[in-house]
$ cat entry.cif   # mmCIF, C-alpha atoms
data_my_file
loop_
_atom_site.group_PDB
_atom_site.id
_atom_site.type_symbol
_atom_site.label_atom_id
_atom_site.label_comp_id
_atom_site.auth_asym_id
_atom_site.auth_seq_id
_atom_site.Cartn_x
_atom_site.Cartn_y
_atom_site.Cartn_z
ATOM 1 C CA MET A 265 202.677 -13.323 -168.594
ATOM 2 C CA LYS A 266 203.653 -16.240 -166.368
ATOM 3 C CA LYS A 267 206.089 -14.011 -164.501
ATOM 4 C CA SER A 268 203.409 -11.401 -163.841
ATOM 5 C CA LEU A 269 201.006 -14.100 -162.625
ATOM 6 C CA PHE A 270 203.690 -15.477 -160.308
ATOM 7 C CA PHE A 271 204.256 -12.052 -158.717
ATOM 8 C CA LEU A 272 200.495 -11.534 -158.334
ATOM 9 C CA ILE A 273 200.027 -14.882 -156.570
ATOM 10 C CA SER A 274 203.028 -14.189 -154.326
ATOM 11 C CA ALA A 275 201.665 -10.777 -153.356
ATOM 12 C CA LEU A 276 198.270 -12.219 -152.499
ATOM 13 C CA PHE A 277 199.893 -14.947 -150.384
ATOM 14 C CA LEU A 278 201.922 -12.375 -148.439
ATOM 15 C CA ILE A 279 198.789 -10.338 -147.788
ATOM 16 C CA PHE A 280 197.032 -13.468 -146.521
ATOM 17 C CA LEU A 281 199.920 -14.332 -144.180
ATOM 18 C CA THR A 282 200.023 -10.781 -142.815
ATOM 19 C CA ALA A 283 196.284 -10.827 -142.121
ATOM 20 C CA CYS A 284 196.565 -14.178 -140.346
ATOM 21 C CA ASN A 285 199.448 -12.937 -138.224
ATOM 22 C CA ASP A 286 197.592 -9.772 -137.324
ATOM 23 C CA SER A 287 194.480 -11.745 -136.443
ATOM 24 C CA GLY A 288 196.466 -14.196 -134.345
ATOM 25 C CA GLN A 289 198.272 -11.367 -132.608
ATOM 26 C CA GLU A 290 194.957 -9.663 -131.816
ATOM 27 C CA SER A 291 193.590 -12.942 -130.473
ATOM 28 C CA ASP A 292 196.666 -13.464 -128.316
ATOM 29 C CA ASN A 293 196.475 -9.876 -127.097
ATOM 30 C CA ALA A 294 192.780 -10.270 -126.260
ATOM 31 C CA LYS A 295 193.467 -13.534 -124.432
ATOM 32 C CA ALA A 296 196.315 -11.986 -122.472
ATOM 33 C CA SER A 297 194.135 -8.988 -121.653
ATOM 34 C CA ASN A 298 191.347 -11.239 -120.378
ATOM 35 C CA GLU A 299 193.809 -13.250 -118.303
ATOM 36 C CA ASP A 300 195.241 -10.063 -116.831
ATOM 37 C CA SER A 301 191.725 -8.819 -116.109
ATOM 38 C CA ASN A 302 190.727 -12.098 -114.449
ATOM 39 C CA GLU A 303 193.908 -12.189 -112.414
ATOM 40 C CA SER A 304 193.362 -8.584 -111.340
ATOM 41 C CA SER A 305 189.780 -9.393 -110.333
ATOM 42 C CA GLU A 306 190.858 -12.497 -108.411
ATOM 43 C CA THR A 307 193.577 -10.692 -106.506
ATOM 44 C CA GLU A 308 191.700 -7.472 -105.735
ATOM 45 C CA THR A 309 191.890 -7.162 -101.961
ATOM 46 C CA LYS A 310 191.819 -4.643 -99.174
ATOM 47 C CA THR A 311 193.197 -4.518 -95.652
ATOM 48 C CA PHE A 312 190.670 -5.045 -92.885
ATOM 49 C CA THR A 313 191.570 -4.301 -89.269
ATOM 50 C CA THR A 314 189.838 -6.523 -86.727
ATOM 51 C CA ASP A 315 188.610 -5.286 -83.365
ATOM 52 C CA SER A 316 191.792 -6.673 -81.798
ATOM 53 C CA GLY A 317 193.966 -4.602 -84.154
ATOM 54 C CA GLU A 318 195.033 -7.389 -86.514
ATOM 55 C CA ASP A 319 195.325 -6.509 -90.214
ATOM 56 C CA VAL A 320 193.928 -9.114 -92.614
ATOM 57 C CA GLU A 321 193.976 -9.037 -96.413
ATOM 58 C CA VAL A 322 190.407 -9.799 -97.488
ATOM 59 C CA PRO A 323 188.534 -9.765 -100.812
ATOM 60 C CA ALA A 324 187.429 -6.268 -101.754
ATOM 61 C CA ASP A 325 184.056 -7.690 -102.746
ATOM 62 C CA PRO A 326 183.569 -11.070 -101.019
ATOM 63 C CA GLU A 327 181.006 -13.346 -102.613
ATOM 64 C CA ARG A 328 181.224 -16.585 -100.603
ATOM 65 C CA ILE A 329 181.175 -15.728 -96.910
ATOM 66 C CA VAL A 330 180.986 -18.404 -94.223
ATOM 67 C CA VAL A 331 179.937 -17.195 -90.749
ATOM 68 C CA LEU A 332 180.806 -19.459 -87.835
ATOM 69 C CA HIS A 333 178.940 -17.642 -85.048
ATOM 70 C CA PRO A 334 175.295 -16.490 -85.147
ATOM 71 C CA THR A 335 176.075 -13.085 -83.624
ATOM 72 C CA TYR A 336 177.643 -11.876 -86.863
ATOM 73 C CA ILE A 337 175.026 -13.110 -89.303
ATOM 74 C CA GLY A 338 172.260 -10.551 -88.766
ATOM 75 C CA ALA A 339 174.304 -7.490 -89.712
ATOM 76 C CA LEU A 340 175.482 -9.084 -92.965
ATOM 77 C CA LEU A 341 171.919 -9.977 -93.905
ATOM 78 C CA LYS A 342 170.746 -6.489 -92.986
ATOM 79 C CA LEU A 343 173.410 -5.073 -95.278
ATOM 80 C CA GLY A 344 172.335 -7.288 -98.171
ATOM 81 C CA HIS A 345 175.127 -9.876 -98.035
ATOM 82 C CA GLU A 346 173.836 -13.423 -97.682
ATOM 83 C CA PRO A 347 176.449 -15.925 -96.490
ATOM 84 C CA VAL A 348 176.846 -19.257 -98.274
ATOM 85 C CA GLY A 349 177.131 -21.067 -94.958
ATOM 86 C CA VAL A 350 176.222 -20.372 -91.325
ATOM 87 C CA SER A 351 176.663 -22.162 -88.033
ATOM 88 C CA PHE A 352 173.900 -24.659 -87.285
ATOM 89 C CA TYR A 353 173.410 -22.870 -83.960
ATOM 90 C CA VAL A 354 171.125 -20.435 -85.791
ATOM 91 C CA ASP A 355 168.512 -23.191 -85.654
ATOM 92 C CA GLN A 356 168.173 -22.551 -81.912
ATOM 93 C CA ASP A 357 167.071 -18.975 -82.515
ATOM 94 C CA GLU A 358 163.669 -18.390 -84.117
ATOM 95 C CA VAL A 359 164.536 -14.973 -85.521
ATOM 96 C CA LEU A 360 167.862 -15.911 -87.134
ATOM 97 C CA ASN A 361 166.606 -19.314 -88.198
ATOM 98 C CA GLU A 362 163.866 -17.666 -90.225
ATOM 99 C CA ALA A 363 166.193 -14.959 -91.556
ATOM 100 C CA THR A 364 168.694 -17.549 -92.825
ATOM 101 C CA GLU A 365 166.192 -19.910 -94.412
ATOM 102 C CA GLY A 366 167.767 -21.627 -97.409
ATOM 103 C CA ILE A 367 171.360 -20.995 -96.317
ATOM 104 C CA GLU A 368 173.437 -24.110 -95.705
ATOM 105 C CA ARG A 369 174.035 -25.018 -92.065
ATOM 106 C CA ILE A 370 177.451 -26.282 -91.026
ATOM 107 C CA ASP A 371 179.141 -27.474 -87.874
ATOM 108 C CA PRO A 372 181.561 -24.620 -87.041
ATOM 109 C CA GLU A 373 184.082 -27.172 -85.784
ATOM 110 C CA ASP A 374 183.923 -29.328 -88.918
ATOM 111 C CA VAL A 375 186.719 -27.905 -91.047
ATOM 112 C CA GLU A 376 185.941 -30.225 -93.959
ATOM 113 C CA SER A 377 182.394 -28.885 -94.291
ATOM 114 C CA ILE A 378 183.794 -25.357 -94.421
ATOM 115 C CA ILE A 379 186.268 -26.321 -97.143
ATOM 116 C CA ASN A 380 183.459 -27.840 -99.212
ATOM 117 C CA LEU A 381 181.697 -24.460 -99.362
ATOM 118 C CA GLU A 382 184.754 -22.906 -101.055
ATOM 119 C CA PRO A 383 184.568 -19.637 -99.091
ATOM 120 C CA ASP A 384 186.478 -16.547 -100.111
ATOM 121 C CA LEU A 385 186.003 -15.093 -96.601
ATOM 122 C CA ILE A 386 185.417 -16.608 -93.162
ATOM 123 C CA VAL A 387 183.998 -14.744 -90.153
ATOM 124 C CA ALA A 388 184.800 -16.342 -86.794
ATOM 125 C CA THR A 389 185.293 -15.552 -83.129
ATOM 126 C CA ALA A 390 188.682 -14.739 -81.652
ATOM 127 C CA THR A 391 188.433 -17.868 -79.500
ATOM 128 C CA ASP A 392 187.713 -20.309 -82.343
ATOM 129 C CA PRO A 393 189.952 -23.356 -81.728
ATOM 130 C CA ASN A 394 190.450 -23.935 -85.470
ATOM 131 C CA LEU A 395 191.727 -20.504 -86.459
ATOM 132 C CA ASN A 396 195.024 -21.792 -87.849
ATOM 133 C CA LYS A 397 193.184 -24.251 -90.089
ATOM 134 C CA LEU A 398 190.586 -21.686 -91.130
ATOM 135 C CA GLU A 399 193.244 -19.222 -92.221
ATOM 136 C CA GLN A 400 194.594 -21.840 -94.632
ATOM 137 C CA ILE A 401 191.170 -22.154 -96.269
ATOM 138 C CA ALA A 402 190.373 -18.470 -96.864
ATOM 139 C CA PRO A 403 191.023 -15.029 -95.369
ATOM 140 C CA THR A 404 189.624 -15.214 -91.845
ATOM 141 C CA VAL A 405 188.534 -12.241 -89.747
ATOM 142 C CA THR A 406 187.719 -12.574 -86.066
ATOM 143 C CA PHE A 407 185.576 -10.677 -83.581
ATOM 144 C CA ASP A 408 186.116 -10.534 -79.833
ATOM 145 C CA SER A 409 182.912 -10.068 -77.836
ATOM 146 C CA MET A 410 184.918 -8.844 -74.860
ATOM 147 C CA ILE A 411 186.141 -5.938 -77.001
ATOM 148 C CA SER A 412 183.295 -5.012 -79.337
ATOM 149 C CA THR A 413 179.686 -4.027 -78.740
ATOM 150 C CA TYR A 414 176.886 -4.692 -81.205
ATOM 151 C CA LYS A 415 177.442 -1.202 -82.582
ATOM 152 C CA ASP A 416 181.117 -1.911 -83.183
ATOM 153 C CA ASN A 417 180.258 -5.211 -84.846
ATOM 154 C CA THR A 418 177.755 -3.560 -87.173
ATOM 155 C CA ARG A 419 180.252 -0.891 -88.224
ATOM 156 C CA LEU A 420 183.060 -3.397 -88.727
ATOM 157 C CA LEU A 421 180.929 -5.824 -90.717
ATOM 158 C CA GLY A 422 179.755 -2.939 -92.864
ATOM 159 C CA GLU A 423 183.382 -2.031 -93.529
ATOM 160 C CA LEU A 424 184.230 -5.666 -94.233
ATOM 161 C CA VAL A 425 181.709 -5.975 -97.081
ATOM 162 C CA GLY A 426 181.959 -2.399 -98.350
ATOM 163 C CA GLU A 427 178.649 -1.225 -96.903
ATOM 164 C CA GLU A 428 179.870 1.446 -94.491
ATOM 165 C CA GLU A 429 177.129 3.930 -95.361
ATOM 166 C CA GLU A 430 174.364 1.368 -94.978
ATOM 167 C CA ALA A 431 175.736 0.240 -91.620
ATOM 168 C CA GLN A 432 175.928 3.812 -90.382
ATOM 169 C CA ALA A 433 172.400 4.490 -91.597
ATOM 170 C CA TRP A 434 171.050 1.544 -89.599
ATOM 171 C CA LEU A 435 172.928 2.662 -86.488
ATOM 172 C CA GLU A 436 171.589 6.198 -86.753
ATOM 173 C CA GLU A 437 168.043 4.959 -87.289
ATOM 174 C CA TRP A 438 168.399 2.595 -84.338
ATOM 175 C CA GLU A 439 169.748 5.350 -82.097
ATOM 176 C CA GLU A 440 166.754 7.480 -82.982
ATOM 177 C CA LYS A 441 164.389 4.665 -82.007
ATOM 178 C CA MET A 442 166.224 4.152 -78.726
ATOM 179 C CA SER A 443 166.018 7.870 -77.920
ATOM 180 C CA GLU A 444 162.298 7.927 -78.662
ATOM 181 C CA ASP A 445 161.713 4.864 -76.483
ATOM 182 C CA ALA A 446 163.811 6.247 -73.629
ATOM 183 C CA ALA A 447 161.737 9.424 -73.637
ATOM 184 C CA GLU A 448 158.523 7.391 -73.725
ATOM 185 C CA TYR A 449 159.531 5.343 -70.656
ATOM 186 C CA GLU A 450 161.376 8.072 -68.768
ATOM 187 C CA ASP A 451 158.760 8.316 -66.013
ATOM 188 C CA LEU A 452 158.685 4.542 -65.596
ATOM 189 C CA ILE A 453 162.442 3.988 -65.609
ATOM 190 C CA GLY A 454 163.873 7.092 -63.957
ATOM 191 C CA ASN A 455 167.143 6.049 -62.289
ATOM 192 C CA SER A 456 166.101 2.454 -61.855
ATOM 193 C CA THR A 457 168.445 -0.506 -61.765
ATOM 194 C CA LEU A 458 167.850 -3.659 -63.756
ATOM 195 C CA SER A 459 169.224 -7.181 -63.501
ATOM 196 C CA ILE A 460 169.232 -9.817 -66.214
ATOM 197 C CA PHE A 461 168.838 -13.377 -64.981
ATOM 198 C CA GLN A 462 168.647 -16.569 -66.986
ATOM 199 C CA SER A 463 167.263 -19.855 -65.764
ATOM 200 C CA THR A 464 169.465 -22.834 -66.688
ATOM 201 C CA PRO A 465 169.353 -26.544 -65.804
ATOM 202 C CA LYS A 466 172.165 -25.881 -63.329
ATOM 203 C CA GLY A 467 170.515 -22.889 -61.693
ATOM 204 C CA LEU A 468 170.537 -19.141 -62.202
ATOM 205 C CA VAL A 469 172.974 -17.078 -64.274
ATOM 206 C CA SER A 470 173.221 -13.284 -64.416
ATOM 207 C CA PHE A 471 174.622 -11.363 -67.369
ATOM 208 C CA ASN A 472 176.506 -8.166 -68.071
ATOM 209 C CA THR A 473 175.075 -5.328 -70.177
ATOM 210 C CA ASP A 474 176.188 -6.481 -73.648
ATOM 211 C CA TYR A 475 175.337 -10.128 -74.028
ATOM 212 C CA GLY A 476 171.871 -10.318 -75.538
ATOM 213 C CA ARG A 477 168.778 -11.094 -73.442
ATOM 214 C CA GLY A 478 167.601 -7.531 -74.079
ATOM 215 C CA GLY A 479 170.615 -5.930 -72.413
ATOM 216 C CA GLU A 480 171.685 -3.771 -75.345
ATOM 217 C CA ILE A 481 168.219 -2.216 -75.503
ATOM 218 C CA LEU A 482 167.482 -1.846 -71.817
ATOM 219 C CA TYR A 483 170.888 -0.637 -70.663
ATOM 220 C CA ASP A 484 172.439 1.131 -73.637
ATOM 221 C CA GLY A 485 169.165 2.225 -75.219
ATOM 222 C CA TYR A 486 166.770 3.013 -72.390
ATOM 223 C CA GLY A 487 169.146 4.004 -69.636
ATOM 224 C CA PHE A 488 168.762 1.266 -67.042
ATOM 225 C CA VAL A 489 171.874 0.546 -64.970
ATOM 226 C CA GLN A 490 173.033 -2.560 -63.176
ATOM 227 C CA PRO A 491 172.923 -2.767 -59.389
ATOM 228 C CA ASP A 492 176.435 -2.045 -58.085
ATOM 229 C CA THR A 493 176.822 -5.582 -56.799
ATOM 230 C CA LEU A 494 176.007 -7.083 -60.189
ATOM 231 C CA ALA A 495 178.122 -4.578 -62.098
ATOM 232 C CA GLU A 496 181.111 -5.532 -59.986
ATOM 233 C CA VAL A 497 180.916 -9.286 -60.573
ATOM 234 C CA THR A 498 180.213 -9.035 -64.308
ATOM 235 C CA LYS A 499 182.629 -6.260 -65.264
ATOM 236 C CA ASP A 500 185.261 -8.675 -66.571
ATOM 237 C CA GLN A 501 183.063 -11.565 -67.676
ATOM 238 C CA PHE A 502 179.904 -12.250 -69.612
ATOM 239 C CA ASN A 503 177.999 -13.855 -66.786
ATOM 240 C CA VAL A 504 178.127 -15.192 -63.260
ATOM 241 C CA GLU A 505 176.386 -18.163 -61.665
ATOM 242 C CA LEU A 506 174.209 -17.354 -58.659
ATOM 243 C CA SER A 507 172.636 -19.452 -55.968
ATOM 244 C CA THR A 508 168.996 -18.937 -55.082
ATOM 245 C CA GLU A 509 170.056 -17.438 -51.776
ATOM 246 C CA GLU A 510 172.249 -14.838 -53.543
ATOM 247 C CA LEU A 511 169.420 -13.637 -55.782
ATOM 248 C CA PRO A 512 168.170 -10.768 -53.575
ATOM 249 C CA GLU A 513 171.696 -9.364 -53.350
ATOM 250 C CA TYR A 514 171.881 -8.912 -57.129
ATOM 251 C CA ALA A 515 168.250 -8.102 -57.948
ATOM 252 C CA GLY A 516 167.539 -4.649 -59.351
ATOM 253 C CA ASP A 517 164.426 -2.471 -59.340
ATOM 254 C CA PHE A 518 163.475 -4.271 -62.569
ATOM 255 C CA ILE A 519 164.342 -7.816 -63.585
ATOM 256 C CA VAL A 520 164.681 -9.562 -66.918
ATOM 257 C CA LEU A 521 164.082 -13.282 -66.604
ATOM 258 C CA ALA A 522 165.222 -15.204 -69.661
ATOM 259 C CA THR A 523 163.995 -18.762 -70.051
ATOM 260 C CA GLU A 524 163.999 -21.384 -72.760
ATOM 261 C CA GLY A 525 160.476 -22.475 -73.469
ATOM 262 C CA GLN A 526 159.366 -23.179 -69.926
ATOM 263 C CA GLU A 527 158.722 -21.537 -66.592
ATOM 264 C CA ALA A 528 161.870 -20.991 -64.549
ATOM 265 C CA PRO A 529 162.013 -23.156 -61.382
ATOM 266 C CA ILE A 530 163.282 -20.122 -59.446
ATOM 267 C CA THR A 531 159.865 -18.505 -59.766
ATOM 268 C CA GLU A 532 158.377 -21.134 -57.466
ATOM 269 C CA SER A 533 160.698 -20.265 -54.598
ATOM 270 C CA ALA A 534 159.909 -18.041 -51.633
ATOM 271 C CA VAL A 535 163.128 -16.116 -52.303
ATOM 272 C CA TRP A 536 161.824 -15.074 -55.709
ATOM 273 C CA GLU A 537 158.368 -14.162 -54.444
ATOM 274 C CA ASN A 538 159.843 -11.877 -51.789
ATOM 275 C CA ILE A 539 161.894 -9.766 -54.215
ATOM 276 C CA GLU A 540 160.445 -6.265 -54.562
ATOM 277 C CA ALA A 541 160.600 -6.217 -58.365
ATOM 278 C CA VAL A 542 158.554 -9.413 -58.447
ATOM 279 C CA GLN A 543 155.990 -8.141 -55.967
ATOM 280 C CA GLU A 544 155.635 -4.860 -57.885
ATOM 281 C CA GLY A 545 155.196 -6.569 -61.252
ATOM 282 C CA ARG A 546 158.429 -5.241 -62.739
ATOM 283 C CA VAL A 547 159.648 -8.464 -64.332
ATOM 284 C CA ILE A 548 160.275 -8.643 -68.079
ATOM 285 C CA LYS A 549 160.063 -12.230 -69.328
ATOM 286 C CA LEU A 550 162.022 -13.076 -72.443
ATOM 287 C CA ASP A 551 162.313 -16.316 -74.382
ATOM 288 C CA LEU A 552 165.906 -17.243 -75.222
ATOM 289 C CA ALA A 553 164.679 -18.607 -78.530
ATOM 290 C CA VAL A 554 164.364 -15.018 -79.754
ATOM 291 C CA THR A 555 166.606 -12.971 -77.442
ATOM 292 C CA ARG A 556 169.920 -14.827 -77.339
ATOM 293 C CA TYR A 557 171.838 -12.616 -79.792
ATOM 294 C CA ASN A 558 172.459 -8.909 -80.343
ATOM 295 C CA ASP A 559 172.682 -8.375 -84.092
ATOM 296 C CA PRO A 560 170.449 -5.818 -85.874
ATOM 297 C CA ILE A 561 167.780 -8.345 -86.890
ATOM 298 C CA SER A 562 167.590 -9.872 -83.401
ATOM 299 C CA LEU A 563 167.523 -6.481 -81.677
ATOM 300 C CA GLU A 564 164.644 -5.229 -83.786
ATOM 301 C CA ALA A 565 162.595 -8.264 -82.770
ATOM 302 C CA GLN A 566 163.552 -7.903 -79.094
ATOM 303 C CA ARG A 567 162.524 -4.271 -79.042
ATOM 304 C CA ASP A 568 158.931 -5.149 -79.864
ATOM 305 C CA MET A 569 158.772 -7.736 -77.062
ATOM 306 C CA ILE A 570 160.294 -5.422 -74.479
ATOM 307 C CA LYS A 571 158.114 -2.452 -75.376
ATOM 308 C CA GLU A 572 154.977 -4.534 -75.080
ATOM 309 C CA GLN A 573 155.847 -5.512 -71.512
ATOM 310 C CA LEU A 574 157.011 -2.052 -70.459
ATOM 311 C CA ASP A 575 153.782 -0.591 -71.815
ATOM 312 C CA ALA A 576 151.853 -2.935 -69.513
ATOM 313 C CA MET A 577 153.824 -1.597 -66.498
ATOM 314 C CA LYS A 578 153.006 2.071 -67.049
#
$ encode --input "entry.cif" --output "structure tokens"
Amino acid sequence: MKKSLFFLISALFLIFLTACNDSGQESDNAKASNEDSNESSETETKTFTTDSGEDVEVPADPERIVVLHPTYIGALLKLGHEPVGVSFYVDQDEVLNEATEGIERIDPEDVESIINLEPDLIVATATDPNLNKLEQIAPTVTFDSMISTYKDNTRLLGELVGEEEEAQAWLEEWEEKMSEDAAEYEDLIGNSTLSIFQSTPKGLVSFNTDYGRGGEILYDGYGFVQPDTLAEVTKDQFNVELSTEELPEYAGDFIVLATEGQEAPITESAVWENIEAVQEGRVIKLDLAVTRYNDPISLEAQRDMIKEQLDAMK
């Protein structure tokens, strides 16, 4: 009887040990599986090719993006990806300032403030002086405004965050709007030239066709062209400083005058008053506070301002 009881107790004990081992093994397997899954998720990347041809390994699905130049913020927002930090320069632009309300502002040159945001992706310009430091914080992709247009930027940013279809949809919709506008103003514009001037504390600056101030809409969208003289001096640079006396040489049939919250001193000069575009009322006045950049959100706002003034010239 005692012997039988001993064997029964031993058998039950062995069963208990086996169950515990199996349970522990399952727990260990589950833990290992979770760790593998987390590691896989953390290391899931893709190769992104910048506009300068550099390949960068970036997160396949970035969640903490820091953008160090305002030009590249609007497309990300349009595509539904809100950065965790943006350059404080957005505060100078009414459109982007409103669009980024609630997003932390940082000094793009303050590396420590960027580190504190724990980014998993950084978007910067190709000329950023801190690129080497930024690349040690998180994968860093750069854009070169001498290489890429706003269309290129929108496509590339869409690719960067996995929103290629959405980016292409916006571009197609925008192209349709530009075509409709160009047809609407065809009689007004014809083969006219247009110059973009900006009043600065130091004097007058003129811009090329792809540097905000309405240029992307008026040149690329509506079909204006630069006067030959202006096209020549801006073909390899964003802008050129002009003296008051040089103004007539670079003035087109239409003029964009960009100012920052006040009347441009140039408008009080006899040189300005004698320009044909001024005398004929073909001057488009734009406030830099809403026309400085060329991202999708900024361009949509600029279009409304430009159309209103062109409508008054018909």
$ resolve_selection --input "entry.cif" --expression "the PyMOL selection byres ((chain A and resi 557-571) around 6)" --output "PDB file with C-alpha atoms, keeping the file's coordinate frame"
ATOM      1  CA  THR A 335     176.075 -13.085 -83.624  1.00  0.00           C
ATOM      2  CA  GLY A 338     172.260 -10.551 -88.766  1.00  0.00           C
ATOM      3  CA  ALA A 339     174.304  -7.490 -89.712  1.00  0.00           C
ATOM      4  CA  GLY A 476     171.871 -10.318 -75.538  1.00  0.00           C
ATOM      5  CA  THR A 555     166.606 -12.971 -77.442  1.00  0.00           C
ATOM      6  CA  ARG A 556     169.920 -14.827 -77.339  1.00  0.00           C
ATOM      7  CA  GLU A 572     154.977  -4.534 -75.080  1.00  0.00           C
ATOM      8  CA  GLN A 573     155.847  -5.512 -71.512  1.00  0.00           C
ATOM      9  CA  LEU A 574     157.011  -2.052 -70.459  1.00  0.00           C
ATOM     10  CA  ASP A 575     153.782  -0.591 -71.815  1.00  0.00           C
TER      11      ASP A 575
END
$ atom_distance --input "entry.cif" --atom1 "CA of Gly317 (chain A)" --atom2 "CA of Glu430 (chain A)"
23.2 Å
$ resolve_selection --input "entry.cif" --expression "the PyMOL selection byres ((chain A and resi 389) around 6)" --output "ChimeraX atom specification"
/A:388,390-392,406-407
$ closest_residue --input "entry.cif" --among "A:Pro512, A:Gly487, A:Pro372, A:Pro529" --to "Ser463 (chain A)" --atoms "all atoms listed in the file"
A:Pro529
$ resolve_selection --input "entry.cif" --expression "the PyMOL selection byres ((chain A and resi 519) around 12)" --output "PyMOL selection string"
chain A and resi 456-462+470-471+477-479+482+488-491+511-512+514-518+520-522+536+539-550+570+573-574
